[in-house]
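Engineer: Pasting run37.txt here (compact mmCIF, C-alpha atoms and all ligand atoms):
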# COMPACT_ATOMS: atom_id res chain seq x y z
CA MET O 1 185.65 92.58 -111.88
CA ALA O 2 184.69 95.69 -110.05
CA LYS O 3 184.10 96.83 -106.53
CA ILE O 4 181.07 99.06 -106.17
CA LYS O 5 180.29 101.41 -103.31
CA LEU O 6 177.06 103.33 -102.88
CA ASP O 7 177.39 106.30 -100.60
CA HIS O 8 174.10 107.75 -99.30
CA ILE O 9 172.25 107.35 -102.59
CA SER O 10 168.80 108.91 -102.85
CA MET O 11 166.61 109.33 -105.91
CA LYS O 12 163.65 111.67 -105.83
CA PHE O 13 160.93 111.99 -108.45
CA GLY O 14 159.26 115.32 -107.62
CA ASP O 15 158.73 115.14 -103.86
CA PHE O 16 158.71 111.35 -103.82
CA TYR O 17 161.75 109.38 -102.72
CA ALA O 18 161.85 106.24 -104.89
CA VAL O 19 165.16 105.35 -103.20
CA ARG O 20 166.34 106.81 -99.91
CA ASP O 21 169.79 106.93 -98.34
CA ILE O 22 171.27 103.68 -99.60
CA CYS O 23 174.78 102.78 -98.44
CA ILE O 24 176.33 99.48 -99.50
CA SER O 25 179.61 97.95 -100.59
CA ILE O 26 179.59 95.26 -103.23
CA ASP O 27 182.68 93.07 -103.47
CA LYS O 28 184.55 92.25 -106.64
CA GLY O 29 183.00 89.23 -108.30
CA GLU O 30 180.06 89.20 -105.90
CA TYR O 31 176.60 88.09 -107.03
CA LEU O 32 174.26 90.46 -105.27
CA THR O 33 170.50 90.38 -105.58
CA ILE O 34 168.21 93.31 -104.94
CA LEU O 35 164.98 91.76 -103.74
CA GLY O 36 161.75 93.41 -102.73
CA PRO O 37 158.09 93.88 -103.55
CA SER O 38 156.96 95.65 -106.69
CA GLY O 39 157.41 99.43 -106.48
CA CYS O 40 160.00 99.39 -103.66
CA GLY O 41 162.68 101.09 -105.79
CA LYS O 42 164.71 98.19 -107.21
CA THR O 43 164.76 99.37 -110.82
CA THR O 44 165.47 102.95 -109.77
CA LEU O 45 168.43 101.80 -107.68
CA ILE O 46 169.96 99.57 -110.36
CA LYS O 47 169.54 102.35 -112.94
CA VAL O 48 171.43 104.71 -110.64
CA ILE O 49 174.21 102.14 -110.18
CA ALA O 50 174.38 101.52 -113.95
CA GLY O 51 174.46 105.22 -114.86
CA ILE O 52 171.04 105.35 -116.53
CA LEU O 53 169.77 107.73 -113.81
CA ILE O 54 171.76 110.35 -111.95
CA PRO O 55 170.83 110.24 -108.26
CA THR O 56 169.50 113.36 -106.55
CA GLU O 57 171.88 112.74 -103.65
CA GLY O 58 174.91 110.57 -102.95
CA SER O 59 177.57 108.95 -105.08
CA VAL O 60 178.39 105.73 -106.92
CA ILE O 61 182.02 104.68 -106.60
CA VAL O 62 183.42 101.96 -108.86
CA ASP O 63 186.95 100.74 -108.12
CA GLY O 64 187.62 103.90 -106.16
CA GLU O 65 186.43 106.23 -108.91
CA ASP O 66 183.34 108.43 -108.56
CA VAL O 67 181.18 107.52 -111.59
CA THR O 68 177.93 109.09 -110.41
CA ASN O 69 177.66 111.44 -113.37
CA ILE O 70 179.16 109.15 -116.02
CA PRO O 71 176.45 107.82 -118.36
CA ILE O 72 176.13 104.07 -118.97
CA GLU O 73 177.62 104.23 -122.48
CA ASP O 74 180.89 105.50 -121.04
CA ARG O 75 181.10 102.80 -118.40
CA ASP O 76 182.04 99.13 -118.54
CA THR O 77 178.59 97.96 -117.58
CA GLY O 78 176.34 95.39 -119.24
CA TYR O 79 172.61 95.79 -118.68
CA VAL O 80 169.83 93.30 -119.34
CA PHE O 81 166.17 94.20 -119.01
CA GLN O 82 163.10 92.18 -118.16
CA ASN O 83 161.67 92.81 -121.60
CA ILE O 84 163.90 91.28 -124.17
CA ALA O 85 165.57 94.04 -126.10
CA LEU O 86 167.50 92.45 -128.95
CA PHE O 87 167.61 94.03 -132.38
CA PRO O 88 165.05 92.06 -134.39
CA ASN O 89 166.37 92.65 -137.90
CA ILE O 90 169.97 91.54 -137.49
CA SER O 91 171.42 88.12 -136.71
CA VAL O 92 172.09 86.72 -133.27
CA SER O 93 175.80 87.01 -133.98
CA ASP O 94 175.49 90.69 -134.99
CA ASN O 95 173.46 91.38 -131.84
CA VAL O 96 176.27 90.02 -129.68
CA GLY O 97 178.89 91.87 -131.75
CA TYR O 98 177.03 95.15 -131.39
CA SER O 99 179.19 96.76 -128.73
CA PRO O 100 182.60 95.89 -130.24
CA ARG O 101 181.26 97.13 -133.61
CA VAL O 102 180.16 100.48 -132.13
CA LYS O 103 183.63 100.73 -130.62
CA ASP O 104 185.09 100.27 -134.14
CA LYS O 105 187.00 97.10 -133.30
CA PRO O 106 188.56 95.19 -136.23
CA LYS O 107 186.21 92.78 -138.03
CA GLU O 108 188.09 89.69 -136.91
CA GLU O 109 187.95 90.77 -133.29
CA ILE O 110 184.21 91.46 -133.48
CA LYS O 111 183.65 87.98 -134.91
CA GLY O 112 185.88 86.39 -132.29
CA THR O 113 184.18 88.17 -129.39
CA SER O 114 180.75 87.34 -130.69
CA GLU O 115 181.65 83.67 -131.09
CA GLU O 116 183.27 83.48 -127.70
CA TYR O 117 180.24 84.81 -125.85
CA LEU O 118 177.73 82.82 -127.87
CA MET O 119 179.76 79.76 -126.99
CA LEU O 120 179.66 80.71 -123.30
CA VAL O 121 175.86 80.94 -123.28
CA LYS O 122 175.66 77.78 -125.46
CA MET O 123 174.01 79.58 -128.36
CA PHE O 124 176.78 79.28 -130.92
CA ASP O 125 174.71 77.08 -133.19
CA ARG O 126 172.09 79.85 -133.47
CA ALA O 127 174.54 82.54 -134.56
CA GLY O 128 173.01 83.01 -137.99
CA MET O 129 169.38 83.17 -136.92
CA PHE O 130 167.32 86.28 -136.27
CA SER O 131 166.45 86.95 -132.64
CA THR O 132 162.75 86.72 -133.49
CA GLU O 133 163.27 83.05 -134.39
CA LEU O 134 164.45 82.21 -130.86
CA SER O 135 162.43 81.30 -127.76
CA GLY O 136 162.21 83.76 -124.87
CA GLY O 137 164.86 81.95 -122.83
CA GLU O 138 167.23 81.80 -125.81
CA GLN O 139 166.72 85.50 -126.47
CA GLN O 140 167.66 86.35 -122.88
CA LYS O 141 170.80 84.22 -123.19
CA VAL O 142 171.74 86.22 -126.27
CA ALA O 143 170.96 89.46 -124.41
CA ILE O 144 173.34 88.36 -121.65
CA ALA O 145 176.02 87.43 -124.21
CA ARG O 146 175.58 90.85 -125.79
CA ALA O 147 175.88 92.60 -122.43
CA LEU O 148 179.07 90.65 -121.62
CA ALA O 149 180.57 91.16 -125.08
CA SER O 150 180.82 94.86 -124.29
CA GLY O 151 183.76 93.86 -122.10
CA SER O 152 181.86 94.83 -118.99
CA LYS O 153 183.26 94.29 -115.54
CA MET O 154 179.75 94.50 -114.12
CA LEU O 155 176.48 92.99 -115.16
CA MET O 156 173.17 94.58 -114.21
CA LEU O 157 170.15 92.32 -114.56
CA ASP O 158 166.70 93.82 -114.03
CA GLU O 159 164.20 90.98 -113.67
CA PRO O 160 165.87 89.16 -116.59
CA LEU O 161 163.87 85.98 -116.08
CA SER O 162 160.44 87.32 -115.20
CA ALA O 163 158.99 87.03 -118.68
CA LEU O 164 160.06 83.39 -119.11
CA ASP O 165 158.32 80.07 -118.47
CA ALA O 166 158.85 78.58 -115.00
CA ARG O 167 161.15 75.76 -116.10
CA VAL O 168 163.29 77.93 -118.36
CA ARG O 169 163.48 80.52 -115.59
CA VAL O 170 164.93 78.00 -113.15
CA GLU O 171 167.43 76.55 -115.64
CA LEU O 172 168.61 79.92 -116.84
CA ARG O 173 169.20 81.26 -113.33
CA TYR O 174 171.79 78.55 -112.70
CA ASP O 175 173.31 79.06 -116.16
CA ILE O 176 173.75 82.77 -115.46
CA ARG O 177 175.36 82.19 -112.09
CA ARG O 178 177.76 79.58 -113.45
CA LEU O 179 178.75 81.87 -116.32
CA VAL O 180 179.41 85.02 -114.31
CA LYS O 181 181.29 83.11 -111.64
CA LYS O 182 183.51 81.63 -114.34
CA LEU O 183 184.18 85.11 -115.72
CA GLY O 184 184.52 86.67 -112.26
CA ILE O 185 182.07 89.46 -113.04
CA THR O 186 180.31 91.54 -110.37
CA VAL O 187 176.57 91.08 -110.74
CA LEU O 188 173.59 93.03 -109.52
CA HIS O 189 170.40 91.15 -110.15
CA VAL O 190 167.00 92.69 -109.45
CA THR O 191 164.10 90.37 -108.72
CA HIS O 192 160.83 90.30 -106.80
CA ASP O 193 161.07 86.49 -106.67
CA GLN O 194 162.48 85.43 -103.30
CA GLU O 195 163.13 81.88 -104.43
CA GLU O 196 165.20 83.13 -107.36
CA ALA O 197 167.12 85.46 -105.04
CA MET O 198 167.81 82.64 -102.57
CA SER O 199 169.09 80.24 -105.18
CA VAL O 200 171.59 82.45 -107.06
CA SER O 201 172.90 85.10 -104.69
CA ASP O 202 176.02 85.45 -102.60
CA ARG O 203 174.13 88.13 -100.70
CA ILE O 204 170.64 89.57 -100.85
CA ILE O 205 169.62 93.17 -100.28
CA LEU O 206 166.02 93.21 -99.16
CA MET O 207 164.40 96.53 -100.05
CA ARG O 208 161.20 98.04 -98.84
CA SER O 209 159.70 101.47 -99.58
CA GLY O 210 162.90 102.83 -101.12
CA GLY O 211 165.18 101.75 -98.26
CA ILE O 212 167.26 98.72 -97.29
CA GLN O 213 165.42 96.50 -94.87
CA GLU O 214 168.13 93.92 -94.46
CA ILE O 215 171.33 92.61 -96.10
CA GLY O 216 172.72 89.11 -95.73
CA THR O 217 173.49 85.75 -97.25
CA PRO O 218 170.43 83.76 -98.34
CA LEU O 219 170.96 81.24 -95.56
CA ASP O 220 171.35 83.82 -92.79
CA MET O 221 168.35 85.76 -93.97
CA TYR O 222 166.21 82.65 -94.13
CA ARG O 223 167.36 81.14 -90.84
CA ASP O 224 167.79 84.27 -88.84
CA PRO O 225 165.82 87.20 -90.25
CA LYS O 226 166.26 90.40 -88.27
CA SER O 227 162.79 91.73 -88.99
CA ILE O 228 159.25 90.43 -89.29
CA PHE O 229 159.16 91.75 -92.85
CA ALA O 230 162.21 89.69 -93.85
CA ALA O 231 160.82 86.59 -92.15
CA TYR O 232 157.59 87.07 -94.04
CA PHE O 233 159.01 88.05 -97.43
CA ILE O 234 161.79 85.46 -97.63
CA GLY O 235 160.32 81.98 -97.52
CA GLU O 236 157.01 81.29 -95.85
CA THR O 237 156.20 81.74 -92.21
CA ASN O 238 153.46 81.65 -89.59
CA LEU O 239 153.25 84.86 -87.56
CA MET O 240 151.43 84.89 -84.23
CA GLU O 241 150.98 87.73 -81.78
CA CYS O 242 151.88 86.81 -78.22
CA THR O 243 153.18 88.07 -74.89
CA VAL O 244 156.51 86.99 -73.48
CA SER O 245 155.98 85.02 -70.26
CA GLY O 246 159.56 84.30 -69.23
CA LYS O 247 162.58 82.10 -69.88
CA THR O 248 163.36 78.41 -69.54
CA LYS O 249 166.40 77.14 -67.59
CA THR O 250 168.34 76.87 -70.85
CA GLY O 251 167.54 80.44 -71.84
CA LYS O 252 164.74 79.78 -74.34
CA THR O 253 161.96 82.35 -74.44
CA THR O 254 158.49 81.29 -73.35
CA VAL O 255 155.52 83.12 -74.81
CA ARG O 256 151.79 83.06 -74.24
CA LEU O 257 149.67 83.03 -77.38
CA ARG O 258 146.17 84.51 -77.61
CA GLY O 259 143.88 82.32 -75.52
CA GLY O 260 146.67 81.42 -73.10
CA CYS O 261 148.49 78.48 -74.72
CA GLU O 262 152.16 78.70 -73.78
CA VAL O 263 154.92 77.79 -76.22
CA LYS O 264 158.72 77.78 -76.11
CA ALA O 265 160.68 79.78 -78.63
CA ALA O 266 164.30 80.59 -79.45
CA LYS O 267 166.54 82.58 -77.13
CA SER O 268 165.88 86.31 -77.25
CA GLN O 269 166.48 89.54 -75.38
CA PHE O 270 162.81 89.86 -74.40
CA THR O 271 161.51 89.67 -70.85
CA ALA O 272 158.19 88.78 -69.26
CA GLY O 273 155.37 91.10 -70.25
CA ASP O 274 156.87 92.23 -73.58
CA ALA O 275 154.42 92.39 -76.48
CA ALA O 276 155.86 90.12 -79.17
CA VAL O 277 155.25 88.19 -82.37
CA ILE O 278 156.61 84.73 -83.05
CA SER O 279 157.57 83.55 -86.51
CA VAL O 280 157.75 79.84 -87.26
CA ARG O 281 158.11 78.37 -90.72
CA PRO O 282 155.76 75.57 -91.87
CA GLU O 283 158.64 73.05 -91.91
CA HIS O 284 159.16 73.68 -88.19
CA VAL O 285 155.56 72.93 -87.16
CA TYR O 286 154.50 69.35 -86.41
CA ALA O 287 151.29 67.60 -85.42
CA ALA O 288 151.60 65.83 -82.05
CA THR O 289 149.43 64.29 -79.35
CA LYS O 290 149.27 67.54 -77.42
CA GLY O 291 150.04 71.17 -78.12
CA LEU O 292 148.21 74.08 -79.74
CA LYS O 293 144.72 73.00 -80.77
CA ALA O 294 143.90 73.62 -84.42
CA GLU O 295 141.39 72.61 -87.05
CA VAL O 296 142.43 71.59 -90.55
CA LEU O 297 140.99 73.94 -93.18
CA ASP O 298 142.64 72.61 -96.27
CA VAL O 299 145.25 70.10 -97.43
CA VAL O 300 147.22 70.95 -100.57
CA PHE O 301 149.45 68.55 -102.51
CA MET O 302 152.80 70.26 -103.15
CA GLY O 303 154.64 67.46 -104.96
CA THR O 304 157.17 66.22 -102.42
CA TYR O 305 155.02 67.12 -99.40
CA TRP O 306 151.54 68.19 -98.35
CA ARG O 307 150.80 71.66 -97.03
CA VAL O 308 148.24 71.53 -94.24
CA ARG O 309 146.45 74.80 -93.52
CA THR O 310 144.83 75.12 -90.12
CA VAL O 311 143.17 77.68 -87.93
CA ALA O 312 144.40 77.46 -84.35
CA GLU O 313 142.41 78.09 -81.19
CA THR O 314 144.25 81.41 -81.02
CA ARG O 315 142.43 82.37 -84.30
CA ASP O 316 145.82 82.44 -86.08
CA TYR O 317 146.19 80.57 -89.33
CA VAL O 318 149.01 78.06 -88.98
CA ASP O 319 150.42 76.10 -91.92
CA TYR O 320 152.60 73.04 -91.67
CA ASN O 321 154.07 70.39 -93.94
CA VAL O 322 153.48 66.66 -93.92
CA SER O 323 155.70 64.42 -96.01
CA SER O 324 154.02 62.08 -98.47
CA SER O 325 155.06 59.03 -96.46
CA GLU O 326 153.18 60.20 -93.35
CA GLU O 327 149.47 60.06 -92.61
CA ILE O 328 147.79 63.00 -94.32
CA PRO O 329 145.11 64.77 -92.25
CA GLU O 330 141.76 65.71 -93.74
CA LYS O 331 139.72 68.87 -93.78
CA GLY O 332 137.87 69.24 -90.48
CA ASP O 333 140.35 67.11 -88.48
CA LYS O 334 141.37 68.41 -85.07
CA VAL O 335 145.13 68.43 -84.58
CA PHE O 336 147.62 69.52 -81.91
CA LEU O 337 150.55 71.53 -83.16
CA VAL O 338 154.03 71.89 -81.69
CA PHE O 339 156.81 74.18 -82.86
CA ASN O 340 160.52 73.55 -83.11
CA LYS O 341 161.71 75.82 -80.28
CA LYS O 342 165.02 76.87 -81.77
CA SER O 343 163.41 77.80 -85.06
CA THR O 344 160.59 79.81 -83.50
CA LYS O 345 161.85 83.39 -83.65
CA VAL O 346 160.64 86.13 -81.34
CA PHE O 347 160.23 89.71 -82.56
CA ALA O 348 159.00 92.83 -80.81
CA ARG O 349 155.34 93.44 -81.62
CA PRO O 350 155.43 96.27 -84.18
CA GLN O 351 153.86 99.50 -82.99
CA GLU O 352 152.14 99.98 -86.32
CA GLY O 353 150.50 96.54 -86.00
CA LEU O 354 151.40 93.23 -87.59
CA GLU O 355 149.39 93.81 -90.79
CA GLU O 356 151.19 97.05 -91.44
CA ALA O 357 154.61 95.53 -90.67
CA ILE O 358 154.29 93.00 -93.49
CA LYS O 359 152.41 95.15 -95.98
CA LEU O 360 154.03 94.93 -99.38
CA GLU O 361 153.72 98.57 -100.39
N1 LIG K 1 160.50 108.28 -113.76
C1 LIG K 1 159.72 108.21 -112.68
N2 LIG K 1 158.93 109.25 -112.32
C2 LIG K 1 158.15 109.20 -111.23
N3 LIG K 1 158.06 108.14 -110.41
C3 LIG K 1 158.83 107.07 -110.69
C4 LIG K 1 159.68 107.05 -111.84
N4 LIG K 1 160.32 105.84 -111.87
C5 LIG K 1 159.87 105.16 -110.79
N5 LIG K 1 158.97 105.89 -110.09
C6 LIG K 1 158.31 105.47 -108.85
O1 LIG K 1 159.28 105.07 -107.93
C7 LIG K 1 158.87 103.92 -107.21
C8 LIG K 1 159.87 102.81 -107.39
O2 LIG K 1 159.82 102.36 -108.73
P1 LIG K 1 160.75 101.21 -109.28
O3 LIG K 1 162.15 101.54 -108.96
O4 LIG K 1 160.42 101.00 -110.71
O5 LIG K 1 160.27 99.97 -108.40
P2 LIG K 1 160.51 98.39 -108.57
O6 LIG K 1 161.50 98.19 -109.66
O7 LIG K 1 160.98 97.95 -107.23
O8 LIG K 1 159.18 97.80 -108.89
C9 LIG K 1 157.47 103.58 -107.71
O9 LIG K 1 156.54 104.16 -106.83
C10 LIG K 1 157.44 104.25 -109.07
O10 LIG K 1 156.11 104.60 -109.40
MG MG K 2 161.37 97.12 -111.49
Translate the structure of the given file into structure tokens.
Ligand SMILES: Nc1ncnc2c1ncn2[C@@H]1O[C@H](COP(=O)(O)OP(=O)(O)O)[C@@H](O)[C@H]1O
Ligand SMILES: [Mg+2]
Structural biologist:
Amino acid sequence: MAKIKLDHISMKFGDFYAVRDICISIDKGEYLTILGPSGCGKTTLIKVIAGILIPTEGSVIVDGEDVTNIPIEDRDTGYVFQNIALFPNISVSDNVGYSPRVKDKPKEEIKGTSEEYLMLVKMFDRAGMFSTELSGGEQQKVAIARALASGSKMLMLDEPLSALDARVRVELRYDIRRLVKKLGITVLHVTHDQEEAMSVSDRIILMRSGGIQEIGTPLDMYRDPKSIFAAYFIGETNLMECTVSGKTKTGKTTVRLRGGCEVKAAKSQFTAGDAAVISVRPEHVYAATKGLKAEVLDVVFMGTYWRVRTVAETRDYVDYNVSSSEEIPEKGDKVFLVFNKKSTKVFARPQEGLEEAIKLE
């Protein structure tokens, strides 16, 4: 286990800041995910934390010790890449025993360590095979066993599941979490997949353009995002420009959408006249007998529910869900939509415009 602290970390390539002024504390045994769109600096940041890159500014502190300039091979850190990087011409067992062998451990100990970690990732029965004979998911399990067999207190995972099939990806994410929790290892897991981040993390760091946009538990970030970008990037949401019109007796915010339709939203600090944006997730939008007028554009079967895509009279696209047991609307139907007040979040209208505020790069 290790406690990691990043103190004003920046990484410049030429004049370009790939990562800018990152400060975070990661608890011992915490499973932390670095989430963000492609190119936002996730790999750069995890490489700095692991000791593969030396930051241009700031320091990395592990268990109170400044390790900024210590290379990865001299640290107790396991690292697993997106692209499977096992040695192809040695056995699975020798792959896992690689680190203890390099450290000149006795033969028996190397064998024991290798067996122990292969057992943990449930790959013991493949010990004698070559890595090239394994499936992608099995190879990543071996890569994780190899990383852990180095005796690491920290595990760095850079998109470890991205190259795998959807089903394997989902299974393996739970396997990894179970394993590291059992061992009490501190994990940093980079992903661009918000669903993956939500399902495995103790906390998520949402990155954007080299900086931290938001940090929080998956539930807090999903239920109560602090920015339009987080609301948009984590889960799905409908965003609508509006103007605050006032407050209800119970303190809820009322807003006027384009075209004048008034809706009630969650409590907020905004007052009448403020330019705002509301964010409401599809599961908090319902068809009713009155409300915001909309026309159904498309109905998509999602397995356990239907996703109904509409264009509202405000010219906003509004999506909502209908469960399979309800009546499913058809393309061209006119519907009235209402929003769950408490779950309709109000944000200040971004000065740069809504499009810009949710742009992925
Ligand atoms: N060695 C490098 N030299 C120059 N630019 C780099 C280098 N590594 C990364 N970058 C740039 O830094 C930004 C962040 O990259 P990266 O950390 O790989 O993003 P992510 O992992 O989030 O997709 C990108 O614009 C990328 O092109
Ligand atoms: Mg990357």
Engineer: Could you check how far atom CA of O:Ala163 sits from atom CA of O:Asn83, in Å to one decimal?
Structural biologist: 7.0 Å
Engineer: Throw together the list of residues within 7 Å of ligand MG 2 (chain K), counting all atoms listed in the file, and drop it here as a ChimeraX atom specification.
Structural biologist: /O:38-39,42-43,158
Engineer: Could you name the residues that touch O:Thr254 at 7 Å or less, counting only C-alpha atoms, but leaving out those on the same chain fewer than 6 positions away, as a PDB file with C-alpha atoms, in the coordinates of the input?
Structural biologist:
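Written out: selection33.pdb:
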ATOM      1  CA  VAL O 244     156.510  86.990 -73.480  1.00  0.00           C
ATOM      2  CA  SER O 245     155.980  85.020 -70.260  1.00  0.00           C
ATOM      3  CA  GLY O 246     159.560  84.300 -69.230  1.00  0.00           C
ATOM      4  CA  LYS O 247     162.580  82.100 -69.880  1.00  0.00           C
ATOM      5  CA  THR O 248     163.360  78.410 -69.540  1.00  0.00           C
ATOM      6  CA  GLU O 262     152.160  78.700 -73.780  1.00  0.00           C
ATOM      7  CA  VAL O 263     154.920  77.790 -76.220  1.00  0.00           C
ATOM      8  CA  LYS O 264     158.720  77.780 -76.110  1.00  0.00           C
ATOM      9  CA  ALA O 265     160.680  79.780 -78.630  1.00  0.00           C
TER      10      ALA O 265
END
Engineer: Just checking: using all atoms listed in the file, which residue out of O:Glu283, O:Ala50, O:Phe336, O:Ser209 ends up closest to O:Cys261?
Structural biologist: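 Distance minimum relative to O:Cys261 lands on O:Phe336.
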Engineer: Which protein, DNA or RNA residues have an atom within 12 Å of ligand LIG 1 (chain K), counting only C-alpha atoms and all ligand atoms, as a VMD selection string?
Structural biologist: chain O and resid 10 to 20 34 to 48 52 to 55 81 to 82 157 to 159 189 to 193 206 to 212 360 to 361
Engineer: Can you pull out the residues contacting O:Thr113? Cut-off 8 Å, using all atoms listed in the file, and skip same-chain residues under 2 positions away; I want them as a count of residues only.
Structural biologist: 9
Engineer: Suppose you want the space between atom CA of O:Ala312 and atom CA of O:Lys293; what is it in Å?
Structural biologist: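 These two atoms are separated by 5.7 Å.
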Engineer: Counting all atoms listed in the file, figure out which residue out of O:Thr253, O:Met221, O:Ile185, O:Val296 gets nearest to O:Gly273.
Structural biologist: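 When distances to O:Gly273 are compared using all atoms listed in the file, the smallest one comes from O:Thr253.
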Engineer: What's the separation between atom CA of O:Lys267 and atom CA of O:Glu352, in Å to one decimal place?
Structural biologist: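 Here the two named atoms are 24.4 Å from each other.
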Engineer: How would you write as a list in words the residues that get within 12 Å of (179.4, 101.1, -120.4) in the file's frame, counting only C-alpha atoms?
Structural biologist: Ile49, Ala50, Gly51, Ile52, Val67, Ile70, Pro71, Ile72, Glu73, Asp74, Arg75, Asp76, Thr77, Gly78, Tyr79, Ser99, Pro100, Val102, Lys103, Ala147, Leu148, Ala149, Ser150, Gly151, Ser152, Lys153, Met154, Leu155 and Met156 of chain O
Engineer: When you count all atoms listed in the file, which of these residues is closest to O:Arg177: O:Ala197, O:Val346, O:Ala294, O:Val280?
Structural biologist: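 Smallest distance to O:Arg177 is found for O:Ala197.
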Engineer: Pick the closest to O:Leu118 from O:Ile144, O:Gln194, O:Arg101, O:Glu356: which is it, counting all atoms listed in the file?
Structural biologist: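 Smallest distance to O:Leu118 is found for O:Ile144.
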Engineer: Hey, what's within 10 Å of O:Val300 if we count all atoms listed in the file and toss same-chain stuff fewer than 5 positions away? As an MDAnalysis selection string, please?
Structural biologist: chainID O and resid 305:309 321
Engineer: Deliver the residues from the most recent selection as a file, using C-alpha atoms, as a JSON list (two decimals), in the frame of the given file.
Structural biologist:
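Result file is again35.json:
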[["chain", "number", "residue", "atom", "x", "y", "z"],
["O", 305, "TYR", "CA", 155.02, 67.12, -99.40],
["O", 306, "TRP", "CA", 151.54, 68.19, -98.35],
["O", 307, "ARG", "CA", 150.80, 71.66, -97.03],
["O", 308, "VAL", "CA", 148.24, 71.53, -94.24],
["O", 309, "ARG", "CA", 146.45, 74.80, -93.52],
["O", 321, "ASN", "CA", 154.07, 70.39, -93.94]]
Engineer: Which is closest to O:Leu183 among O:Val338, O:Arg349, O:Leu86, O:Gly29, if we use all atoms listed in the file?
Structural biologist: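 That would be O:Gly29, the residue with the smallest distance to O:Leu183.
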Engineer: When distances are computed from all atoms listed in the file, which of O:Ala275, O:Phe270, O:Lys290, O:Pro282 shows the smallest separation from O:Gly353?
Structural biologist: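 Residue with the minimum atom-to-atom distance to O:Gly353: O:Ala275.
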Engineer: Using all atoms listed in the file, determine which residues lie at most 9 Å from O:Lys141, disregarding the query and same-chain residues fewer than 5 positions distant; provide the list as a list in words.
Structural biologist: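 Final neighbour list, sorted by chain and number: Leu118, Val121, Lys122, Met123, Gly136, Arg146, Leu172 and Ile176 of chain O.
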Engineer: Residues near O:Asp220, anyone? I mean within 12 Å using all atoms listed in the file, not counting same-chain ones fewer than 5 positions away, as JSON, numbers by chain.
Structural biologist: {"O": [198, 202, 203, 204, 214, 215, 225, 226, 230, 231, 234]}
